[in-house]
There are 2 protein chains.
Amino acid sequence: MLAAVERLEYRPSAIARGLRLQRTHTLGMLVPDITNPFFPPIIRGAEEAARERGYELVLCNTDDAPERETASLRVLRERQADGLLIATSRMADTTVAALRRERFPFVLVNRGSSVTADPSVEVDNERASEAVIGHLAGLGHRRIGHISGPLSTTTGAERAAGYRAAMKARGLPVDEALLAEADAYAEPSGYAAGARLLRARPSAIFAANDLLVLGALRAAREAKLRVPEDLSLVGVNDIPLVDLIDPPLTTVRVPQREMGRIAADMLIALLESAPISRRHVLLDPTLVVRGSTAVPSGAAGSAA
Amino acid sequence: MLAAVERLEYRPSAIARGLRLQRTHTLGMLVPDITNPFFPPIIRGAEEAARERGYELVLCNTDDAPERETASLRVLRERQADGLLIATSRMADTTVAALRRERFPFVLVNRGSSVTADPSVEVDNERASEAVIGHLAGLGHRRIGHISGPLSTTTGAERAAGYRAAMKARGLPVDEALLAEADAYAEPSGYAAGARLLRARPSAIFAANDLLVLGALRAAREAKLRVPEDLSLVGVNDIPLVDLIDPPLTTVRVPQREMGRIAADMLIALLESAPISRRHVLLDPTLVVRGSTAVPSGAAGSAA
DNA sequence: TTGAAAGCGGTACCAC
DNA sequence: GTGGTACCGCTTTCAA
C-alpha cells in the first residue's frame, strides 16, 4: 500500500488543505529590497526557522513605497498567509495599524513601533551608537559627525538619538552642523549627506549603515581626505566585503540571521498560540574595529 | 453595491481559486543561496516580471544539496506552483530529468542542460572567458591561470572551456598546473584553489566568479604578492562593492536582473502557451576593467 | 475500525 | 443576462 503511494507519487495538495483548514502554513515577509545586502541573511534566517517548523516563506519587495506595501499586503492576504514578518523600516504606521485593528498576526523585524503591543525583534540601536562613539572618543575624536538614516525609520531615529546621548555623556559638542539626515539607506544618499557634513570639518563620521558610510567615503576621497588619517569612518551592519575595501571598514555587526530566526519563531508561536517568552527582543550589536578608524591627526590621541 | 464590497473588504481567496482552477499563478524559484550576492538581482528581476503579469514568486534555498533540492521541489509542487525557475547551478540532472519526464514547466536560469529541449537563460560563458583572456593577453600576460568553478556546473565547465579555447587561440600554454577547480563558488574555495595555483607562478589569474577571486586575492596577499603589480586578477559577476576593494576588481558584468526578467517572462509564456521567440537566451557579458589588472612586471607589455 | 458525506470559497456551466 | 449547482482535494464528522 505504502509502496503504491510511493510509486504513484501522490502529492497532497497544500492548496486543498489550506482551503479546508483555513491555514496555509505560509508566512509572508515584507522587505524593502532583497538587493540590499543587509536583508538576505535576515530572510535566510527566517526561512530556515520557518521551514524547520513546517512553514513556507513568501517574499515581497516594497521599495519602501506605501503603494507597493499596500499591494504586497493585499497579495499576501489573498494568498492566505497565516502571518506577516514586516522588515520595511519606514515608520509609516497606517499599514501596521490596519493589521493591528484586524488582529492579523505579525512581527516587526529590525524596526519598532510606538505601540508597545506590537511584537518586534530589533538590534539595540542606542547601544550600537554608544559603542561607536565610545570607540571614536577613546581614540581622541571630539568633532564626530553623524549621517543618520531617514528619521522616519526607527533605526534612523534611534541611532541618531543614541549618537546624541553618547556625545552628551562625554561632554562632546552636538553641533547641528555635525548632523545630516540621509533620505534613504543607500550609497548616493550617503554621498550627498557626507559632502554636506564635511563642510563642518569633523575628524570622524559615524553613519547609520554601511551603504551610507561608503557614500561618505566617496565624498571624502573627492575632498582629498585620507581615511583614516584625516577622517575616521564607521558604519553599521558589517555587510559582505566591507572588510576588503580600502581601508577595511570599522563597523557594527548585527546578528541578522538570528534576527530572522527569532522573528519567524515568534510569529509561529503567535500563530500556534504557544507561550512567548518575550514580545520584544533586543539583539546585541558588536563593534568590529578595522582600518577606517584611527587617532585623529590633529590631537595626538589621549586614550580613554 | 461596489461600495459594500469595498467596505466589507472582500478579499477573494487565492487558495479557493487555485483549487478550482488548478492554477495558482505562483512561480517557484530554486536558488542555492539568497545570501550569495549574485542571486538577489536575478530574483528581483524575476519577481518584477512575475508580478507585472499577475504571478507571485516563492523562493527556496537549496544550498546546492540534492536532498534540499528534492525537498524544496516537493514543497513547491505541493503548493501547486504553476512552474519553476531553476537557478541552482549543479548539473545534477536527475531533478530536472524528473520534471521533464512529467512535463512540468520550468526554465533554467544561469545554467544550461545537455537536453536542448530544456528552456534556459544564460550568459555567454565562453564569450566571457574570451573577453577576459583577450584583455589579459593584450596586457602581455602569457602564464594565465584559471580557477574554475565546480566542473559539475555548466557555468564552471563553460568558463573553463572558454579559457582553454581562448588560450589556445593565442598560442598560450594551457599547463594543467595553471588550472584549479574550486569545489564551490565561495571565497574559501577560491582561497584554497588560489594557493594551489600560485605555485605554478602565473602572472595573472582568471577566476570563474568574484567570490573565488576574492579568495585568490587573500592567498596572493599571504604570499606577499602585490596586485596588480605581481599578479593580475579577474573575476566574473561584478557583485556589489568589488569596485571599492583594494584594488578595485576587474571583472565581467552579467545582466542579472535582465536574466531574471527574461526567465520569468519565458516561463509565464510557457504556462500560458504563448508563442516563445527563443527557448535559449544567451546574454552578453561585459568586461569591466578596473585596478586589479596591469601589465605583467616581467615583460614590459607588448600590446596585442 | 472503516467508509461515506459535507463543506472550505471560489469558478464554470447550464438551465431558465 | 441571471441564478442555481457541481466540483476542485482535502479534513472532519458521523454512521454503520
# chains A, B, ... in the order shown; residues from 1 in each chain; ligands from 1

$ interface_residues --of "chain A" --to "chain C" --cutoff "8 Å" --atoms "only C-alpha atoms (C1' of nucleotides)" --output "VMD selection string"
chain A and resid 19 to 22

$ residues_around --residues "Ser232 in chain B" --least-positions-apart "5" --cutoff "8 Å" --atoms "only C-alpha atoms (C1' of nucleotides)" --output "PyMOL selection string"
chain B and resi 203-205+227+292-294+296

$ closest_residue --among "B:Ile268, B:Ala165, B:Ala182, B:Leu214" --to "chain A" --atoms "only C-alpha atoms"
B:Leu214

$ atom_distance --atom1 "C1' of DT2 in chain D" --atom2 "CA of Arg17 in chain B"
21.7 Å

$ residues_around --residues "range 69-78 of chain B" --least-positions-apart "2" --cutoff "10 Å" --atoms "only C-alpha atoms (C1' of nucleotides)" --output "number ranges by chain"
A: 10-16, 51, 54-56; B: 26-32, 58-67, 80-84, 88, 94-95, 99, 104

$ atom_distance --atom1 "CA of Ala195 in chain A" --atom2 "CA of Arg290 in chain B"
24.9 Å

$ residues_around --residues "Asp238 in chain B" --least-positions-apart "6" --cutoff "9 Å" --atoms "only C-alpha atoms (C1' of nucleotides)" --output "MDAnalysis selection string"
chainID B and resid 38 209:210 249:254 288

$ residues_around --residues "Leu212 in chain A" --least-positions-apart "6" --cutoff "12 Å" --atoms "only C-alpha atoms (C1' of nucleotides)" --output "ChimeraX atom specification"
/A:146-150,156,180-195,205-206,218-219,233-237,239,251

$ select_by_dssp --residues "range 11-226 of chain B" --states "strand (DSSP E or B)" --output "ChimeraX atom specification"
/B:26-31,56-61,83-86,90,106-109,120-123,144-148,153,179-181,204-207

$ select_by_dssp --residues "range 6-131 of chain B" --states "alpha helix (DSSP H)" --output "PyMOL selection string"
chain B and resi 6-8+14-21+39-52+66-78+94-101+125-131

$ interface_residues --of "chain D" --to "chain B" --cutoff "12 Å" --atoms "only C-alpha atoms (C1' of nucleotides)" --output "list of chain:residue names"
D:DA6, D:DC7, D:DC8, D:DG9, D:DC10

$ atom_distance --atom1 "CA of Gly140 in chain A" --atom2 "CA of Val295 in chain A"
6.1 Å

$ closest_residue --among "A:Pro247, A:Gly171, A:Pro228, A:Gly112" --to "chain B" --atoms "only C-alpha atoms"
A:Pro247

$ residues_around --residues "Ala131 in chain A" --least-positions-apart "5" --cutoff "9 Å" --atoms "only C-alpha atoms (C1' of nucleotides)" --output "list in words"
Glu126, Leu136, Ala166, Val252, Pro285, Thr286 and Leu287 of chain A

$ write_last_selection --atoms "N, CA, C and O atoms" --output "mmCIF file, in the first residue's frame"
data_model
loop_
_atom_site.group_PDB
_atom_site.id
_atom_site.type_symbol
_atom_site.label_atom_id
_atom_site.label_comp_id
_atom_site.auth_asym_id
_atom_site.auth_seq_id
_atom_site.Cartn_x
_atom_site.Cartn_y
_atom_site.Cartn_z
ATOM 1 N N GLU A 126 20.547 52.088 20.254
ATOM 2 C CA GLU A 126 21.210 53.084 21.103
ATOM 3 C C GLU A 126 22.557 52.534 21.588
ATOM 4 O O GLU A 126 23.552 53.249 21.649
ATOM 5 N N LEU A 136 35.286 55.966 19.106
ATOM 6 C CA LEU A 136 35.855 57.163 18.489
ATOM 7 C C LEU A 136 36.378 58.144 19.546
ATOM 8 O O LEU A 136 37.483 58.696 19.415
ATOM 9 N N ALA A 166 25.212 59.635 23.540
ATOM 10 C CA ALA A 166 26.600 59.226 23.792
ATOM 11 C C ALA A 166 27.540 60.429 23.728
ATOM 12 O O ALA A 166 28.519 60.503 24.481
ATOM 13 N N VAL A 252 29.635 48.009 12.839
ATOM 14 C CA VAL A 252 28.951 47.334 13.933
ATOM 15 C C VAL A 252 28.225 46.122 13.367
ATOM 16 O O VAL A 252 27.439 46.249 12.430
ATOM 17 N N PRO A 285 24.395 44.386 19.402
ATOM 18 C CA PRO A 285 25.323 44.658 18.305
ATOM 19 C C PRO A 285 26.755 44.512 18.794
ATOM 20 O O PRO A 285 27.003 44.575 19.995
ATOM 21 N N THR A 286 27.681 44.267 17.874
ATOM 22 C CA THR A 286 29.091 44.115 18.230
ATOM 23 C C THR A 286 29.956 45.058 17.402
ATOM 24 O O THR A 286 29.890 45.024 16.167
ATOM 25 N N LEU A 287 30.743 45.847 18.048
ATOM 26 C CA LEU A 287 31.648 46.742 17.315
ATOM 27 C C LEU A 287 32.779 45.913 16.706
ATOM 28 O O LEU A 287 33.371 45.074 17.378
#

$ residues_around --residues "Arg261 in chain A" --least-positions-apart "4" --cutoff "6 Å" --atoms "only C-alpha atoms (C1' of nucleotides)" --output "number ranges by chain"
A: 45-46, 49

$ write_last_selection --atoms "all heavy atoms" --output "CSV table (one decimal), in the first residue's frame"
chain,number,residue,atom,x,y,z
A,45,GLY,N,17.6,33.5,7.6
A,45,GLY,CA,17.3,33.0,9.0
A,45,GLY,C,15.8,32.8,9.2
A,45,GLY,O,15.4,31.7,9.7
A,46,ALA,N,15.0,33.7,8.7
A,46,ALA,CA,13.6,33.5,8.8
A,46,ALA,C,13.1,32.3,8.1
A,46,ALA,O,12.3,31.5,8.6
A,46,ALA,CB,12.8,34.7,8.3
A,49,ALA,N,14.1,29.0,9.9
A,49,ALA,CA,13.3,28.7,11.1
A,49,ALA,C,11.9,28.3,10.7
A,49,ALA,O,11.3,27.4,11.2
A,49,ALA,CB,13.2,30.0,12.0

$ closest_residue --among "A:Asp124, A:Glu272, A:Asp93, A:Asp33" --to "chain B" --atoms "only C-alpha atoms"
A:Asp33

$ decode --residues "chain C" --atoms "N, CA and C atoms (P, O5', C5', C4', C3', O3' and C1' of nucleotides)" --output "tab-separated table (two decimals), in the first residue's frame"
chain	number	residue	atom	x	y	z
C	1	DT	P	-9.44	0.68	16.58
C	1	DT	O5'	-9.99	0.25	15.15
C	1	DT	C5'	-9.76	-1.01	14.59
C	1	DT	C4'	-10.58	-1.07	13.33
C	1	DT	C3'	-10.01	-0.21	12.19
C	1	DT	O3'	-9.98	-1.01	11.02
C	1	DT	C1'	-12.31	0.28	12.54
C	2	DT	P	-9.33	-0.56	9.69
C	2	DT	O5'	-10.61	-0.12	8.86
C	2	DT	C5'	-11.70	-1.02	8.67
C	2	DT	C4'	-12.81	-0.27	7.98
C	2	DT	C3'	-12.33	0.63	6.85
C	2	DT	O3'	-12.95	0.22	5.64
C	2	DT	C1'	-13.84	1.79	8.26
C	3	DG	P	-12.71	0.97	4.27
C	3	DG	O5'	-14.09	1.75	4.10
C	3	DG	C5'	-15.33	1.12	4.41
C	3	DG	C4'	-16.45	2.11	4.19
C	3	DG	C3'	-16.24	3.01	2.98
C	3	DG	O3'	-17.51	3.22	2.36
C	3	DG	C1'	-16.40	4.36	4.92
C	4	DA	P	-17.65	3.92	0.98
C	4	DA	O5'	-18.83	4.95	1.27
C	4	DA	C5'	-19.85	4.63	2.21
C	4	DA	C4'	-20.55	5.91	2.65
C	4	DA	C3'	-20.72	6.94	1.54
C	4	DA	O3'	-21.99	7.54	1.71
C	4	DA	C1'	-19.47	7.90	3.30
C	5	DA	P	-22.55	8.65	0.73
C	5	DA	O5'	-22.32	9.99	1.57
C	5	DA	C5'	-22.93	10.12	2.84
C	5	DA	C4'	-22.71	11.54	3.35
C	5	DA	C3'	-22.87	12.61	2.28
C	5	DA	O3'	-23.39	13.77	2.91
C	5	DA	C1'	-20.70	12.72	3.14
C	6	DA	P	-23.98	14.95	2.06
C	6	DA	O5'	-23.64	16.21	2.97
C	6	DA	C5'	-23.41	16.03	4.37
C	6	DA	C4'	-22.45	17.10	4.86
C	6	DA	C3'	-22.52	18.41	4.08
C	6	DA	O3'	-22.39	19.49	4.99
C	6	DA	C1'	-20.32	17.59	3.98
C	7	DG	P	-22.88	20.95	4.60
C	7	DG	O5'	-21.50	21.72	4.52
C	7	DG	C5'	-20.61	21.71	5.63
C	7	DG	C4'	-19.29	22.27	5.18
C	7	DG	C3'	-19.41	23.45	4.22
C	7	DG	O3'	-18.42	24.41	4.56
C	7	DG	C1'	-18.05	21.81	3.27
C	8	DC	P	-18.81	25.95	4.39
C	8	DC	O5'	-17.38	26.63	4.29
C	8	DC	C5'	-16.35	26.43	5.27
C	8	DC	C4'	-15.02	26.40	4.59
C	8	DC	C3'	-14.90	27.40	3.43
C	8	DC	O3'	-14.31	28.62	3.92
C	8	DC	C1'	-13.99	25.23	2.84
C	9	DG	P	-15.08	29.96	3.66
C	9	DG	O5'	-14.75	30.24	2.14
C	9	DG	C5'	-13.41	30.54	1.76
C	9	DG	C4'	-13.33	30.63	0.26
C	9	DG	C3'	-14.29	31.64	-0.37
C	9	DG	O3'	-13.58	32.28	-1.42
C	9	DG	C1'	-14.60	29.58	-1.37
C	10	DG	P	-13.90	33.71	-1.88
C	10	DG	O5'	-13.14	33.72	-3.28
C	10	DG	C5'	-13.85	33.57	-4.47
C	10	DG	C4'	-13.39	32.30	-5.18
C	10	DG	C3'	-13.88	32.22	-6.61
C	10	DG	O3'	-12.84	32.71	-7.45
C	10	DG	C1'	-14.24	30.16	-5.43
C	11	DT	P	-13.25	33.31	-8.84
C	11	DT	O5'	-13.62	32.02	-9.71
C	11	DT	C5'	-12.57	31.14	-10.11
C	11	DT	C4'	-13.18	30.02	-10.92
C	11	DT	C3'	-13.81	30.46	-12.24
C	11	DT	O3'	-13.41	29.47	-13.19
C	11	DT	C1'	-15.39	29.25	-10.97
C	12	DA	P	-13.44	29.76	-14.72
C	12	DA	O5'	-14.54	28.73	-15.20
C	12	DA	C5'	-14.44	27.37	-14.80
C	12	DA	C4'	-15.72	26.67	-15.17
C	12	DA	C3'	-16.34	27.16	-16.48
C	12	DA	O3'	-16.86	26.03	-17.16
C	12	DA	C1'	-17.89	27.43	-14.75
C	13	DC	P	-17.09	26.09	-18.70
C	13	DC	O5'	-18.17	24.96	-18.86
C	13	DC	C5'	-18.45	24.09	-17.75
C	13	DC	C4'	-19.94	24.06	-17.45
C	13	DC	C3'	-20.82	24.32	-18.68
C	13	DC	O3'	-21.67	23.21	-18.86
C	13	DC	C1'	-21.56	25.58	-16.79
C	14	DC	P	-22.41	23.03	-20.27
C	14	DC	O5'	-23.88	22.72	-19.74
C	14	DC	C5'	-24.10	22.40	-18.36
C	14	DC	C4'	-25.43	22.95	-17.94
C	14	DC	C3'	-26.39	23.18	-19.11
C	14	DC	O3'	-27.68	22.70	-18.74
C	14	DC	C1'	-26.19	25.16	-17.85
C	15	DA	P	-28.58	22.16	-19.93
C	15	DA	O5'	-29.97	21.97	-19.15
C	15	DA	C5'	-30.84	23.00	-19.26
C	15	DA	C4'	-31.16	23.65	-17.93
C	15	DA	C3'	-32.49	24.40	-18.06
C	15	DA	O3'	-33.38	23.99	-17.04
C	15	DA	C1'	-30.70	25.89	-17.38
C	16	DC	P	-34.91	24.11	-17.41
C	16	DC	O5'	-35.24	25.65	-17.22
C	16	DC	C5'	-35.18	26.23	-15.92
C	16	DC	C4'	-35.10	27.75	-16.02
C	16	DC	C3'	-36.24	28.35	-16.85
C	16	DC	O3'	-37.11	29.06	-15.98
C	16	DC	C1'	-34.13	29.40	-17.30
